[in-house]
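Asker: Input structure: upload.pdb, which contains PDB, C-alpha atoms, pLDDT in the B column.
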```
ATOM      1  CA  MET A1252       0.711  25.700 -15.382  1.00 89.00           C
ATOM      2  CA  GLN A1253       2.968  22.658 -15.177  1.00 91.00           C
ATOM      3  CA  TYR A1254       6.351  22.900 -13.461  1.00 93.00           C
ATOM      4  CA  THR A1255       9.206  20.410 -13.246  1.00 93.00           C
ATOM      5  CA  ILE A1256      11.473  20.226 -10.214  1.00 94.00           C
ATOM      6  CA  SER A1257      14.721  18.270 -10.192  1.00 93.00           C
ATOM      7  CA  ALA A1258      16.330  17.465  -6.875  1.00 93.00           C
ATOM      8  CA  LEU A1259      19.406  15.604  -5.743  1.00 94.00           C
ATOM      9  CA  VAL A1260      18.583  13.823  -2.514  1.00 95.00           C
ATOM     10  CA  ALA A1261      20.347  11.435  -0.179  1.00 94.00           C
ATOM     11  CA  ASN A1262      20.085   7.879  -1.498  1.00 94.00           C
ATOM     12  CA  LYS A1263      18.598   6.290   1.611  1.00 93.00           C
ATOM     13  CA  SER A1264      15.291   4.917   2.797  1.00 92.00           C
ATOM     14  CA  GLY A1265      12.507   7.278   3.838  1.00 92.00           C
ATOM     15  CA  VAL A1266      13.537  10.238   1.658  1.00 93.00           C
ATOM     16  CA  LEU A1267      10.835   9.649  -0.946  1.00 92.00           C
ATOM     17  CA  MET A1268       8.180   9.444   1.781  1.00 93.00           C
ATOM     18  CA  ARG A1269       9.339  12.679   3.406  1.00 93.00           C
ATOM     19  CA  VAL A1270       9.339  14.587   0.122  1.00 92.00           C
ATOM     20  CA  SER A1271       5.974  13.256  -1.070  1.00 90.00           C
ATOM     21  CA  SER A1272       4.385  13.939   2.324  1.00 91.00           C
ATOM     22  CA  LEU A1273       5.316  17.634   1.931  1.00 90.00           C
ATOM     23  CA  PHE A1274       2.998  17.765  -1.060  1.00 88.00           C
ATOM     24  CA  SER A1275       0.151  15.782   0.498  1.00 88.00           C
ATOM     25  CA  ARG A1276       0.170  17.822   3.729  1.00 90.00           C
ATOM     26  CA  ARG A1277      -0.380  20.957   1.641  1.00 87.00           C
ATOM     27  CA  ALA A1278      -2.976  19.265  -0.591  1.00 85.00           C
ATOM     28  CA  TYR A1279      -0.818  19.703  -3.707  1.00 87.00           C
ATOM     29  CA  ASN A1280      -0.972  16.896  -6.221  1.00 85.00           C
ATOM     30  CA  ILE A1281       2.139  15.446  -7.833  1.00 90.00           C
ATOM     31  CA  ASP A1282       1.391  14.827 -11.527  1.00 91.00           C
ATOM     32  CA  SER A1283       4.528  12.791 -12.092  1.00 91.00           C
ATOM     33  CA  LEU A1284       7.308  11.499  -9.862  1.00 92.00           C
ATOM     34  CA  SER A1285      10.430   9.694 -11.002  1.00 93.00           C
ATOM     35  CA  VAL A1286      13.270   8.681  -8.702  1.00 93.00           C
ATOM     36  CA  CYS A1287      16.494   6.903  -9.555  1.00 91.00           C
ATOM     37  CA  ALA A1288      20.026   6.424  -8.297  1.00 90.00           C
ATOM     38  CA  THR A1289      22.690   8.618  -9.891  1.00 89.00           C
ATOM     39  CA  GLU A1290      26.295   8.030 -10.890  1.00 90.00           C
ATOM     40  CA  ASP A1291      27.125   8.862  -7.246  1.00 91.00           C
ATOM     41  CA  PRO A1292      25.834   5.998  -5.039  1.00 91.00           C
ATOM     42  CA  THR A1293      25.128   8.421  -2.173  1.00 93.00           C
ATOM     43  CA  LEU A1294      22.654  10.482  -4.260  1.00 94.00           C
ATOM     44  CA  SER A1295      19.323   9.923  -6.011  1.00 94.00           C
ATOM     45  CA  ARG A1296      17.652  12.209  -8.536  1.00 94.00           C
ATOM     46  CA  MET A1297      13.986  13.074  -8.083  1.00 94.00           C
ATOM     47  CA  THR A1298      12.025  14.594 -10.946  1.00 94.00           C
ATOM     48  CA  ILE A1299       8.676  15.979  -9.824  1.00 94.00           C
ATOM     49  CA  VAL A1300       6.020  17.475 -12.100  1.00 93.00           C
ATOM     50  CA  LEU A1301       3.295  19.544 -10.461  1.00 92.00           C
ATOM     51  CA  ASN A1302       0.484  21.823 -11.572  1.00 90.00           C
ATOM     52  CA  GLY A1303       0.016  25.224 -10.012  1.00 88.00           C
ATOM     53  CA  ASP A1304       1.191  28.766 -10.194  1.00 91.00           C
ATOM     54  CA  ASP A1305       4.499  30.482  -9.443  1.00 92.00           C
ATOM     55  CA  TYR A1306       3.552  30.793  -5.763  1.00 92.00           C
ATOM     56  CA  ILE A1307       2.992  27.033  -5.380  1.00 90.00           C
ATOM     57  CA  LEU A1308       6.274  26.278  -7.152  1.00 92.00           C
ATOM     58  CA  GLU A1309       8.171  28.690  -4.915  1.00 92.00           C
ATOM     59  CA  GLN A1310       6.566  27.342  -1.729  1.00 91.00           C
ATOM     60  CA  MET A1311       7.221  23.699  -2.598  1.00 91.00           C
ATOM     61  CA  MET A1312      10.840  24.378  -3.507  1.00 93.00           C
ATOM     62  CA  LYS A1313      11.366  26.277  -0.247  1.00 93.00           C
ATOM     63  CA  GLN A1314       9.754  23.476   1.765  1.00 92.00           C
ATOM     64  CA  MET A1315      11.804  20.789   0.020  1.00 93.00           C
ATOM     65  CA  ASP A1316      14.990  22.800   0.505  1.00 93.00           C
ATOM     66  CA  LYS A1317      14.418  22.690   4.283  1.00 93.00           C
ATOM     67  CA  LEU A1318      14.684  18.894   4.323  1.00 93.00           C
ATOM     68  CA  ILE A1319      18.122  17.684   5.413  1.00 93.00           C
ATOM     69  CA  ASP A1320      18.158  14.898   2.808  1.00 94.00           C
ATOM     70  CA  VAL A1321      17.521  17.304  -0.082  1.00 94.00           C
ATOM     71  CA  LYS A1322      20.977  18.341  -1.246  1.00 94.00           C
ATOM     72  CA  LYS A1323      20.091  20.527  -4.229  1.00 93.00           C
ATOM     73  CA  ILE A1324      16.841  21.529  -5.918  1.00 93.00           C
ATOM     74  CA  ILE A1325      16.196  23.398  -9.159  1.00 91.00           C
ATOM     75  CA  HIS A1326      13.250  24.356 -11.327  1.00 92.00           C
ATOM     76  CA  VAL A1327      13.858  22.721 -14.706  1.00 91.00           C
ATOM     77  CA  GLU A1328      12.763  24.813 -17.670  1.00 89.00           C
ATOM     78  CA  ALA A1329      11.932  23.217 -21.028  1.00 85.00           C
ATOM     79  CA  LYS A1330      14.383  25.366 -22.985  1.00 88.00           C
ATOM     80  CA  ASN A1331      17.316  24.158 -20.853  1.00 86.00           C
ATOM     81  CA  ALA A1332      16.541  20.467 -20.477  1.00 89.00           C
ATOM     82  CA  ILE A1333      15.543  17.217 -22.127  1.00 91.00           C
ATOM     83  CA  PHE A1334      12.367  15.528 -20.872  1.00 92.00           C
ATOM     84  CA  ARG A1335      11.462  11.878 -21.522  1.00 94.00           C
ATOM     85  CA  GLU A1336       8.935   9.261 -20.455  1.00 94.00           C
ATOM     86  CA  LEU A1337       8.630   5.550 -21.126  1.00 96.00           C
ATOM     87  CA  LEU A1338       5.380   3.862 -22.184  1.00 97.00           C
ATOM     88  CA  LEU A1339       4.714   0.133 -22.276  1.00 97.00           C
ATOM     89  CA  ILE A1340       1.323  -0.593 -23.797  1.00 98.00           C
ATOM     90  CA  LYS A1341      -0.435  -3.850 -24.633  1.00 98.00           C
ATOM     91  CA  VAL A1342      -2.970  -3.484 -27.432  1.00 98.00           C
ATOM     92  CA  ASN A1343      -5.483  -5.829 -28.951  1.00 97.00           C
ATOM     93  CA  ALA A1344      -3.841  -6.942 -32.225  1.00 96.00           C
ATOM     94  CA  PRO A1345      -5.664  -9.608 -34.210  1.00 95.00           C
ATOM     95  CA  ALA A1346      -3.816 -10.772 -37.323  1.00 94.00           C
ATOM     96  CA  GLU A1347      -5.860  -8.573 -39.698  1.00 95.00           C
ATOM     97  CA  LYS A1348      -5.007  -5.382 -37.722  1.00 95.00           C
ATOM     98  CA  ARG A1349      -1.311  -5.990 -36.981  1.00 95.00           C
ATOM     99  CA  ALA A1350       0.002  -4.280 -40.124  1.00 95.00           C
ATOM    100  CA  GLU A1351      -1.952  -1.101 -39.298  1.00 96.00           C
ATOM    101  CA  ILE A1352      -0.671  -1.075 -35.725  1.00 97.00           C
ATOM    102  CA  TYR A1353       2.880  -1.737 -36.906  1.00 96.00           C
ATOM    103  CA  GLN A1354       2.667   1.261 -39.289  1.00 97.00           C
ATOM    104  CA  ILE A1355       1.652   3.476 -36.372  1.00 97.00           C
ATOM    105  CA  CYS A1356       4.626   2.103 -34.414  1.00 97.00           C
ATOM    106  CA  GLN A1357       6.981   3.028 -37.262  1.00 97.00           C
ATOM    107  CA  ILE A1358       5.630   6.586 -37.456  1.00 97.00           C
ATOM    108  CA  PHE A1359       6.178   7.090 -33.716  1.00 97.00           C
ATOM    109  CA  ARG A1360       9.441   5.096 -33.689  1.00 97.00           C
ATOM    110  CA  ALA A1361       7.958   2.663 -31.211  1.00 98.00           C
ATOM    111  CA  LYS A1362       9.323  -0.838 -30.691  1.00 97.00           C
ATOM    112  CA  VAL A1363       7.245  -4.007 -30.589  1.00 97.00           C
ATOM    113  CA  ASP A1364       8.555  -5.923 -27.574  1.00 96.00           C
ATOM    114  CA  ASP A1365       6.166  -8.881 -27.527  1.00 96.00           C
ATOM    115  CA  LEU A1366       3.736 -10.459 -29.955  1.00 95.00           C
ATOM    116  CA  TYR A1367       0.968 -12.927 -29.226  1.00 94.00           C
ATOM    117  CA  PRO A1368      -1.791 -14.231 -31.519  1.00 94.00           C
ATOM    118  CA  THR A1369      -4.237 -11.570 -30.289  1.00 95.00           C
ATOM    119  CA  SER A1370      -2.082  -8.847 -28.708  1.00 97.00           C
ATOM    120  CA  MET A1371       1.206  -6.978 -28.875  1.00 97.00           C
ATOM    121  CA  VAL A1372       3.275  -5.104 -26.315  1.00 98.00           C
ATOM    122  CA  ILE A1373       4.780  -1.871 -27.590  1.00 98.00           C
ATOM    123  CA  GLU A1374       7.525   0.284 -26.052  1.00 98.00           C
ATOM    124  CA  LEU A1375       7.799   3.995 -26.721  1.00 98.00           C
ATOM    125  CA  THR A1376       9.974   6.731 -25.237  1.00 97.00           C
ATOM    126  CA  GLY A1377       9.663  10.461 -25.757  1.00 95.00           C
ATOM    127  CA  GLU A1378       8.066  13.612 -24.501  1.00 93.00           C
ATOM    128  CA  SER A1379       4.651  13.388 -22.848  1.00 91.00           C
ATOM    129  CA  ASN A1380       2.752  14.778 -25.832  1.00 94.00           C
ATOM    130  CA  LYS A1381       4.307  12.148 -28.141  1.00 96.00           C
ATOM    131  CA  LEU A1382       3.160   9.359 -25.818  1.00 97.00           C
ATOM    132  CA  ASP A1383      -0.304  10.923 -25.562  1.00 96.00           C
ATOM    133  CA  GLY A1384      -0.518  11.051 -29.358  1.00 97.00           C
ATOM    134  CA  PHE A1385       0.474   7.399 -29.673  1.00 98.00           C
ATOM    135  CA  ILE A1386      -2.106   6.351 -27.088  1.00 97.00           C
ATOM    136  CA  ASN A1387      -4.794   8.251 -29.010  1.00 97.00           C
ATOM    137  CA  MET A1388      -3.806   6.484 -32.243  1.00 97.00           C
ATOM    138  CA  VAL A1389      -3.970   2.944 -30.808  1.00 97.00           C
ATOM    139  CA  LYS A1390      -6.923   3.305 -28.429  1.00 97.00           C
ATOM    140  CA  ASP A1391      -9.433   2.301 -31.110  1.00 96.00           C
ATOM    141  CA  TYR A1392      -7.711  -1.097 -31.407  1.00 97.00           C
ATOM    142  CA  GLY A1393      -8.284  -1.656 -27.699  1.00 97.00           C
ATOM    143  CA  ILE A1394      -5.787  -0.967 -24.957  1.00 97.00           C
ATOM    144  CA  LEU A1395      -5.518  -4.071 -22.796  1.00 97.00           C
ATOM    145  CA  GLU A1396      -2.913  -2.797 -20.374  1.00 97.00           C
ATOM    146  CA  MET A1397      -0.674   0.217 -20.004  1.00 97.00           C
ATOM    147  CA  ALA A1398       2.263   1.286 -17.808  1.00 96.00           C
ATOM    148  CA  ARG A1399       3.857   4.702 -18.022  1.00 93.00           C
ATOM    149  CA  THR A1400       6.808   6.117 -16.128  1.00 92.00           C
ATOM    150  CA  GLY A1401       6.971   9.607 -14.810  1.00 89.00           C
ATOM    151  CA  VAL A1402       8.871  12.373 -16.517  1.00 91.00           C
ATOM    152  CA  THR A1403      12.645  12.238 -16.280  1.00 90.00           C
ATOM    153  CA  ALA A1404      14.639  15.382 -17.040  1.00 89.00           C
ATOM    154  CA  ILE A1405      18.277  16.290 -17.432  1.00 86.00           C
ATOM    155  CA  SER A1406      19.875  19.634 -18.221  1.00 84.00           C
ATOM    156  CA  ARG A1407      21.306  20.380 -21.650  1.00 84.00           C
ATOM    157  CA  GLY A1408      24.951  21.232 -22.276  1.00 80.00           C
ATOM    158  CA  ASP A1409      27.781  21.287 -19.775  1.00 72.00           C
ATOM    159  CA  SER A1410      25.813  22.391 -16.706  1.00 67.00           C
ATOM    160  CA  CYS A1411      25.031  19.745 -14.080  1.00 68.00           C
ATOM    161  CA  ILE A1412      22.948  19.995 -10.933  1.00 66.00           C
ATOM    162  CA  LYS A1413      25.664  17.973  -9.175  1.00 61.00           C
ATOM    163  CA  ASP A1414      28.264  20.650 -10.014  1.00 61.00           C
ATOM    164  CA  MET A1415      26.243  23.056  -7.868  1.00 61.00           C
ATOM    165  CA  LEU A1416      26.925  20.966  -4.747  1.00 61.00           C
ATOM    166  CA  ASP A1417      29.727  21.761  -2.373  1.00 53.00           C
ATOM    167  CA  TYR A1418      31.889  18.801  -1.389  1.00 43.00           C
ATOM    168  CA  ASN A1419      30.497  18.881   2.179  1.00 46.00           C
ATOM    169  CA  GLU A1420      26.920  18.688   0.843  1.00 51.00           C
ATOM    170  CA  ARG A1421      27.729  15.391  -0.929  1.00 43.00           C
ATOM    171  CA  ILE A1422      28.582  13.615   2.305  1.00 42.00           C
TER     172      ILE A1422
END
```
Starting from the coordinates I provided, produce the structure as structure tokens.
Answerer:
Amino acid sequence: MQYTISALVANKSGVLMRVSSLFSRRAYNIDSLSVCATEDPTLSRMTIVLNGDDYILEQMMKQMDKLIDVKKIIHVEAKNAIFRELLLIKVNAPAEKRAEIYQICQIFRAKVDDLYPTSMVIELTGESNKLDGFINMVKDYGILEMARTGVTAISRGDSCIKDMLDYNERI
């Protein structure tokens, strides 16, 4: 089963290495990892997707929670959050195939960012399965290059992971 963990961590060098080494030392693979600064310059948000069972999830959250630089950690459930990824994909697009590729882009609400005589670069955001579906639709045209971010998640409604922090934890 796939699990998503969201953590607020200190925004300083070495934190990403310490967190990722927790997983590698235990031979657990990270399926997706996204890290970015938050509205608070002292904090970064890490979104980690891992495969496993409830035991693995519990162990990894406990291990991460022991790290000084991890300020708050939660298991993000699909019903309470919004998940997104970004895909940039360069496909083979000769003139006679461009209209077909453009129609696929419209169906998926993708944006053509760059056009050359024989290729096009397309941008798409959405949930992982949407990106997978788009990739499957354009693969027959020939994928020349592809870059995909990790999953980013944020809670729905008024609740915020940052609200769970005490003032002293923010410093």
Asker: If I put a ball of radius 9 Å at (5.6, 8.0, -24.3) in the file's coordinates, which residues poke into it when counting all atoms listed in the file, written as an NGL selection string?
Answerer: :A and (1335-1339 or 1374-1386 or 1399-1400)
Asker: Using only C-alpha atoms, find the one residue out of A:Ser1257, A:Asn1280, A:Gln1310, A:Asn1262 that sits nearest to Thr1293 in chain A.
Answerer: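 Of A:Ser1257, A:Asn1280, A:Gln1310, A:Asn1262, the one nearest Thr1293 in chain A is A:Asn1262, counting only C-alpha atoms.
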Asker: Mind checking which residues fall within 12 Å of Ile1324 in chain A, counting only C-alpha atoms, ignoring those fewer than 5 positions away in the same chain, and posting them as a list in words?
Answerer: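 Once the adjacent positions are removed, what remains is Thr1255, Ile1256, Ser1257, Ala1258, Leu1259, Val1260, Val1270, Ser1295, Arg1296, Met1297, Thr1298, Ile1299, Leu1308, Glu1309, Met1311, Met1312, Lys1313, Gln1314, Met1315, Asp1316, Lys1317, Leu1318, Cys1411, Ile1412, Lys1413, Met1415 and Leu1416 of chain A.
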Asker: Just to confirm, what's the straight-line distance from CA of Ile1405 in chain A to CA of Ile1325 in chain A in Å (one decimal)?
Answerer: 11.1 Å
Asker: Leaving out Ser1283 in chain A and any residue of its chain fewer than 4 positions from it, which residues lie within 7 Å of it when counting only C-alpha atoms, given as a PDB file with C-alpha atoms, keeping the file's coordinate frame?
Answerer:
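The resulting selection.pdb:
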```pdb
ATOM      1  CA  ILE A1299       8.676  15.979  -9.824  1.00 94.00           C
ATOM      2  CA  VAL A1300       6.020  17.475 -12.100  1.00 93.00           C
ATOM      3  CA  GLY A1401       6.971   9.607 -14.810  1.00 89.00           C
ATOM      4  CA  VAL A1402       8.871  12.373 -16.517  1.00 91.00           C
TER       5      VAL A1402
END
```
Asker: If the PyMOL selection byres ((chain A and resi 1276-1278) around 12) were run on this exact file, what residues would it hold? Put them as a PyMOL selection string.
Answerer: chain A and resi 1268-1275+1279-1281+1301-1303+1307+1310-1311+1314
Asker: Taking all atoms listed in the file into account, name the residue in A:Pro1345, A:Ala1261, A:Ile1340, A:Ser1285 that is nearest to Lys1322 in chain A.
Answerer: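 Closest to Lys1322 in chain A of all the choices is A:Ala1261.
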Asker: May I have the protein, DNA and RNA residues with an atom at most 8 Å from (-9.2, -10.8, -26.6), counting all atoms listed in the file in the file's coordinates, returned as a ChimeraX atom specification?
Answerer: /A:1343,1369-1370
Asker: Pull out every residue that the PyMOL selection byres ((chain A and resi 1332) around 9) matches in the shown coordinates and put them as an MDAnalysis selection string.
Answerer: chainID A and resid 1327:1331 1333:1334 1404:1408
Asker: Quick one: 5 Å padding each side, axis-aligned, all listed atoms of range 1325-1338 of chain A - centre and edge lengths in Å to one decimal, as JSON?
Answerer:
```
{"center_x": 11.3, "center_y": 14.6, "center_z": -16.1, "size_x": 21.9, "size_y": 31.5, "size_z": 23.8}
```
Asker: Kindly output range 1362-1395 of chain A as a compact mmCIF listing (two decimals), in the frame of the given file, after building N, CA and C atoms.
Answerer:
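Here's the written file selection-v8.txt:
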```txt
# COMPACT_ATOMS: atom_id res chain seq x y z
N LYS A 1362 8.74 0.49 -30.53
CA LYS A 1362 9.32 -0.84 -30.69
C LYS A 1362 8.33 -1.89 -30.21
N VAL A 1363 8.10 -2.90 -31.01
CA VAL A 1363 7.24 -4.01 -30.59
C VAL A 1363 8.11 -4.95 -29.76
N ASP A 1364 7.76 -5.09 -28.49
CA ASP A 1364 8.56 -5.92 -27.57
C ASP A 1364 8.05 -7.35 -27.46
N ASP A 1365 6.75 -7.56 -27.71
CA ASP A 1365 6.17 -8.88 -27.53
C ASP A 1365 4.98 -9.03 -28.46
N LEU A 1366 4.82 -10.21 -29.02
CA LEU A 1366 3.74 -10.46 -29.96
C LEU A 1366 3.07 -11.78 -29.62
N TYR A 1367 1.78 -11.74 -29.46
CA TYR A 1367 0.97 -12.93 -29.23
C TYR A 1367 -0.08 -13.00 -30.33
N PRO A 1368 -0.79 -14.12 -30.45
CA PRO A 1368 -1.79 -14.23 -31.52
C PRO A 1368 -2.85 -13.12 -31.52
N THR A 1369 -3.17 -12.58 -30.34
CA THR A 1369 -4.24 -11.57 -30.29
C THR A 1369 -3.81 -10.24 -29.68
N SER A 1370 -2.53 -10.10 -29.33
CA SER A 1370 -2.08 -8.85 -28.71
C SER A 1370 -0.62 -8.58 -29.01
N MET A 1371 -0.21 -7.34 -28.77
CA MET A 1371 1.21 -6.98 -28.88
C MET A 1371 1.54 -5.96 -27.79
N VAL A 1372 2.78 -6.05 -27.30
CA VAL A 1372 3.28 -5.10 -26.32
C VAL A 1372 4.24 -4.18 -27.04
N ILE A 1373 4.02 -2.88 -26.87
CA ILE A 1373 4.78 -1.87 -27.59
C ILE A 1373 5.48 -0.97 -26.58
N GLU A 1374 6.72 -0.61 -26.89
CA GLU A 1374 7.52 0.28 -26.05
C GLU A 1374 7.76 1.58 -26.81
N LEU A 1375 7.59 2.70 -26.10
CA LEU A 1375 7.80 4.00 -26.72
C LEU A 1375 8.40 4.95 -25.69
N THR A 1376 9.42 5.69 -26.09
CA THR A 1376 9.97 6.73 -25.24
C THR A 1376 9.85 8.06 -25.96
N GLY A 1377 9.74 9.12 -25.18
CA GLY A 1377 9.66 10.46 -25.76
C GLY A 1377 9.05 11.44 -24.79
N GLU A 1378 8.72 12.60 -25.31
CA GLU A 1378 8.07 13.61 -24.50
C GLU A 1378 6.60 13.21 -24.27
N SER A 1379 6.01 13.76 -23.25
CA SER A 1379 4.65 13.39 -22.85
C SER A 1379 3.64 13.51 -23.99
N ASN A 1380 3.74 14.59 -24.76
CA ASN A 1380 2.75 14.78 -25.83
C ASN A 1380 2.90 13.72 -26.94
N LYS A 1381 4.10 13.22 -27.17
CA LYS A 1381 4.31 12.15 -28.14
C LYS A 1381 3.63 10.87 -27.66
N LEU A 1382 3.79 10.55 -26.38
CA LEU A 1382 3.16 9.36 -25.82
C LEU A 1382 1.64 9.49 -25.84
N ASP A 1383 1.15 10.68 -25.51
CA ASP A 1383 -0.30 10.92 -25.56
C ASP A 1383 -0.83 10.71 -26.98
N GLY A 1384 -0.11 11.22 -27.97
CA GLY A 1384 -0.52 11.05 -29.36
C GLY A 1384 -0.56 9.59 -29.78
N PHE A 1385 0.44 8.82 -29.35
CA PHE A 1385 0.47 7.40 -29.67
C PHE A 1385 -0.71 6.68 -29.04
N ILE A 1386 -0.98 6.98 -27.78
CA ILE A 1386 -2.11 6.35 -27.09
C ILE A 1386 -3.41 6.65 -27.83
N ASN A 1387 -3.59 7.89 -28.26
CA ASN A 1387 -4.79 8.25 -29.01
C ASN A 1387 -4.91 7.48 -30.32
N MET A 1388 -3.79 7.21 -30.97
CA MET A 1388 -3.81 6.48 -32.24
C MET A 1388 -4.15 5.01 -32.08
N VAL A 1389 -3.74 4.39 -30.96
CA VAL A 1389 -3.97 2.94 -30.81
C VAL A 1389 -5.19 2.61 -29.95
N LYS A 1390 -5.81 3.61 -29.34
CA LYS A 1390 -6.92 3.30 -28.43
C LYS A 1390 -8.10 2.64 -29.12
N ASP A 1391 -8.32 2.92 -30.39
CA ASP A 1391 -9.43 2.30 -31.11
C ASP A 1391 -9.22 0.81 -31.34
N TYR A 1392 -7.99 0.34 -31.27
CA TYR A 1392 -7.71 -1.10 -31.41
C TYR A 1392 -7.99 -1.83 -30.10
N GLY A 1393 -8.02 -1.09 -29.01
CA GLY A 1393 -8.28 -1.66 -27.70
C GLY A 1393 -7.02 -1.76 -26.87
N ILE A 1394 -6.92 -0.92 -25.87
CA ILE A 1394 -5.79 -0.97 -24.96
C ILE A 1394 -6.11 -1.98 -23.87
N LEU A 1395 -5.30 -3.02 -23.78
CA LEU A 1395 -5.52 -4.07 -22.80
C LEU A 1395 -4.84 -3.76 -21.47
```
